[in-house]
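Heads up, the thing below is written out as structure tokens.
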2 protein chains.
Amino acid sequence: MPTDTTSPRASSGSRSLEHPARADIRLADVLHALADPVRLRIVCALAAAEGELNCADIELPVSKSTCTHHFRVLREHGVIQQLYRGTAKMNGLRRADLEALFPGLIDGVLRAAELQAGRLGQE
Amino acid sequence: MPTDTTSPRASSGSRSLEHPARADIRLADVLHALADPVRLRIVCALAAAEGELNCADIELPVSKSTCTHHFRVLREHGVIQQLYRGTAKMNGLRRADLEALFPGLIDGVLRAAELQAGRLGQE
DNA sequence: GCACTCATACGATAGGCGTCGTAGTACGGC
DNA sequence: GCCGTACTACGACGCCTATCGTATGAGTGC
């Protein structure tokens, strides 16, 4: 990054990432973000954790690069928030924003995912 | 249809279309089906109509072919049901199936779509 | 300072999807 | 029987996306 000489304090765990504002989150985008099995799994894990999770804390059947890609999709579509903390990147659901925009939607999806997992698991 | 001599009553509105069984409907597929603005519009219109709608009864900003494509996606992913009635094809939401599989999900999505429409409309 | 780890960026690839136009098929009415 | 209407099938096009491997940057600990 040759041109970035303007921010000398870019370190100390504050490499910041772009997130859409609450008002810019679109339903179709959120649904699209949730429509991938891998991402659905990520969201379920984050919801279950209730707190923040390291990227590597979620076991996924894809490579590291692909994992990064999915996290980015979720972030850019307003589903999760990410921030750096030292060497790790913590991820969390944007529950409050999503609930404000689409009340009940996320819980419905999470519940549906659980139900389906149970159904498919024991059949 | 040269080989179809087995069903003498194939007319009278019974060209039948393939629908997935309730047990074969997957959450990710449903979300994917709903993740397109055009399809979201179709689903909202069908939900508002409460009954069955002709394909052409829903105004869409796409060509006829594309329209057919979107209806097919919705049907093959288990979101709507379609059946021929004479020259027209009637469409209806598979509310009961979806509600049984993913309780509250569809209503959540529909409500979210309404809220967003209101928000975007008057801003 | 150096090595290690975490995560990213970039390039490449293959497949899917949304879009359209055109040609074709099924029904119903004249 | 013929035509108009409603929808479909098929092929094409461009874009987006999921996937990967490799190279790179940021931070931690020795």
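Chain labels A, B, ... are given in the sequence in which chains occur in the structure tokens; within each chain residues are numbered consecutively from 1, and ligands are likewise numbered from 1 in the order shown.
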Residues near A:His19, cut-off 7 Å, only C-alpha atoms (C1' of nucleotides), skip fewer than 3 positions along chain, as a JSON list (two decimals) with all heavy atoms, in the first residue's frame:
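Result file follows (out_2.json):
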[["chain", "number", "residue", "atom", "x", "y", "z"],
["A", 75, "ARG", "N", -20.33, -9.88, 5.95],
["A", 75, "ARG", "CA", -20.09, -8.54, 6.48],
["A", 75, "ARG", "C", -20.62, -7.48, 5.52],
["A", 75, "ARG", "O", -21.34, -6.56, 5.92],
["A", 75, "ARG", "CB", -18.60, -8.33, 6.72],
["A", 75, "ARG", "CG", -18.23, -6.88, 7.01],
["A", 75, "ARG", "CD", -16.80, -6.73, 7.48],
["A", 75, "ARG", "NE", -15.83, -7.36, 6.59],
["A", 75, "ARG", "CZ", -15.32, -6.79, 5.50],
["A", 75, "ARG", "NH1", -15.68, -5.58, 5.19],
["A", 75, "ARG", "NH2", -14.46, -7.44, 4.75],
["A", 76, "GLU", "N", -20.28, -7.62, 4.25],
["A", 76, "GLU", "CA", -20.68, -6.59, 3.28],
["A", 76, "GLU", "C", -22.19, -6.53, 3.08],
["A", 76, "GLU", "O", -22.71, -5.52, 2.60],
["A", 76, "GLU", "CB", -19.98, -6.86, 1.94],
["A", 76, "GLU", "CG", -18.49, -6.59, 1.99],
["A", 76, "GLU", "CD", -17.80, -6.82, 0.66],
["A", 76, "GLU", "OE1", -18.41, -7.48, -0.21],
["A", 76, "GLU", "OE2", -16.66, -6.36, 0.50],
["A", 78, "GLY", "N", -24.19, -6.92, 5.60],
["A", 78, "GLY", "CA", -24.77, -6.41, 6.84],
["A", 78, "GLY", "C", -25.20, -7.45, 7.84],
["A", 78, "GLY", "O", -25.92, -7.14, 8.78]]
Using only C-alpha atoms (C1' of nucleotides), which residues sit within 10 Å of stretch 50-62 of chain A once same-chain residues fewer than 2 positions away are excluded, as JSON, numbers by chain?
-> {"A": [38, 39, 41, 42, 44, 45, 46, 47, 48, 64, 65, 66, 67, 68, 71, 81, 82, 83, 84, 85, 88, 89, 90, 91, 92, 93, 95], "C": [6, 7], "D": [18, 19, 20]}
Which neighbours of stretch 31-33 of chain A fall inside 7 Å, counting only C-alpha atoms (C1' of nucleotides), when residues of the same chain fewer than 6 positions from it are skipped, and could you give them as JSON, numbers by chain?
-> {"A": [39, 73, 74, 77], "B": [31, 32, 34, 35]}
Considering only C-alpha atoms (C1' of nucleotides), return as a list in words whatever protein or nucleic-acid residues lie within 12 Å of B:Ala117, sequence-local ones (same chain, fewer than 4 positions apart) excluded.
-> Arg26, Leu27, Ala28, Leu101 and Phe102 of chain A; Pro37, Leu40, Arg41, Cys44, Leu110, Arg111, Ala112, Ala113, Gly121, Gln122 and Glu123 of chain B
Since we have the selection now, will you write its residues out, keeping C-alpha atoms, as a PDB file, in the first residue's frame?
ATOM      1  CA  ARG A  26     -31.323  -4.738   2.026  1.00  0.00           C
ATOM      2  CA  LEU A  27     -33.549  -7.712   2.590  1.00  0.00           C
ATOM      3  CA  ALA A  28     -32.600  -9.398  -0.658  1.00  0.00           C
ATOM      4  CA  LEU A 101     -34.933  -3.717  10.252  1.00  0.00           C
ATOM      5  CA  PHE A 102     -36.567  -7.119   9.929  1.00  0.00           C
TER       6      PHE A 102
ATOM      7  CA  PRO B  37     -35.952  -8.996  -5.882  1.00  0.00           C
ATOM      8  CA  LEU B  40     -39.553 -11.612  -3.666  1.00  0.00           C
ATOM      9  CA  ARG B  41     -42.088  -9.466  -5.440  1.00  0.00           C
ATOM     10  CA  CYS B  44     -45.382 -10.952  -1.847  1.00  0.00           C
ATOM     11  CA  LEU B 110     -43.075 -11.144   4.062  1.00  0.00           C
ATOM     12  CA  ARG B 111     -43.242  -8.755   6.959  1.00  0.00           C
ATOM     13  CA  ALA B 112     -39.639  -7.743   6.406  1.00  0.00           C
ATOM     14  CA  ALA B 113     -40.374  -7.096   2.758  1.00  0.00           C
ATOM     15  CA  GLY B 121     -40.892   4.160  -0.431  1.00  0.00           C
ATOM     16  CA  GLN B 122     -41.255   7.172   1.817  1.00  0.00           C
ATOM     17  CA  GLU B 123     -37.697   8.254   2.241  1.00  0.00           C
TER      18      GLU B 123
END
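Candidate residues B:Thr87, B:Asp97, B:Asp29, B:Ser63 were compared for distance to chain D, and the nearest is B:Thr87, using only C-alpha atoms (C1' of nucleotides).
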Alpha helix (DSSP H) residues, from DSSP on the backbone, in chain B, as an NGL selection string = :B and (27-34 or 37-49 or 64-76 or 95-101 or 105-121)
Restrict the calculation to only C-alpha atoms (C1' of nucleotides), then for each residue of chain D with any atom at most 12 Å from an atom of chain A give the closest atom pair and their distance in Å to one decimal, rows by chain and rising residue number, as a tab-separated table.
residue	atom	partner	partner_atom	distance
D:DT17	C1'	A:His69	CA	10.1
D:DA18	C1'	A:Thr66	CA	7.5
D:DT19	C1'	A:Thr66	CA	6.5
D:DC20	C1'	A:Ser63	CA	7.3
D:DG21	C1'	A:Ser65	CA	9.0
D:DT22	C1'	A:Ser65	CA	10.6
D:DT24	C1'	A:Met1	CA	11.2
D:DG25	C1'	A:Met1	CA	9.7
D:DA26	C1'	A:Thr87	CA	7.1
D:DG27	C1'	A:Thr87	CA	5.0
D:DT28	C1'	A:Thr87	CA	7.5
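Across stretch 22-89 of chain A, DSSP run on the backbone finds strand (DSSP E or B) at Leu53, Asn54, Ile80, Gln81, Gln82, Leu83, Tyr84, Arg85, Ala88 and Lys89 of chain A.
Selecting chain C residues within 12 Å of chain A and counting only C-alpha atoms (C1' of nucleotides) yields DC4, DT5, DC6, DA7, DT8, DA9 and DC10 of chain C.
In this model, the gap between atom CA of B:Val79 and atom CA of B:Glu18 comes to 12.6 Å.
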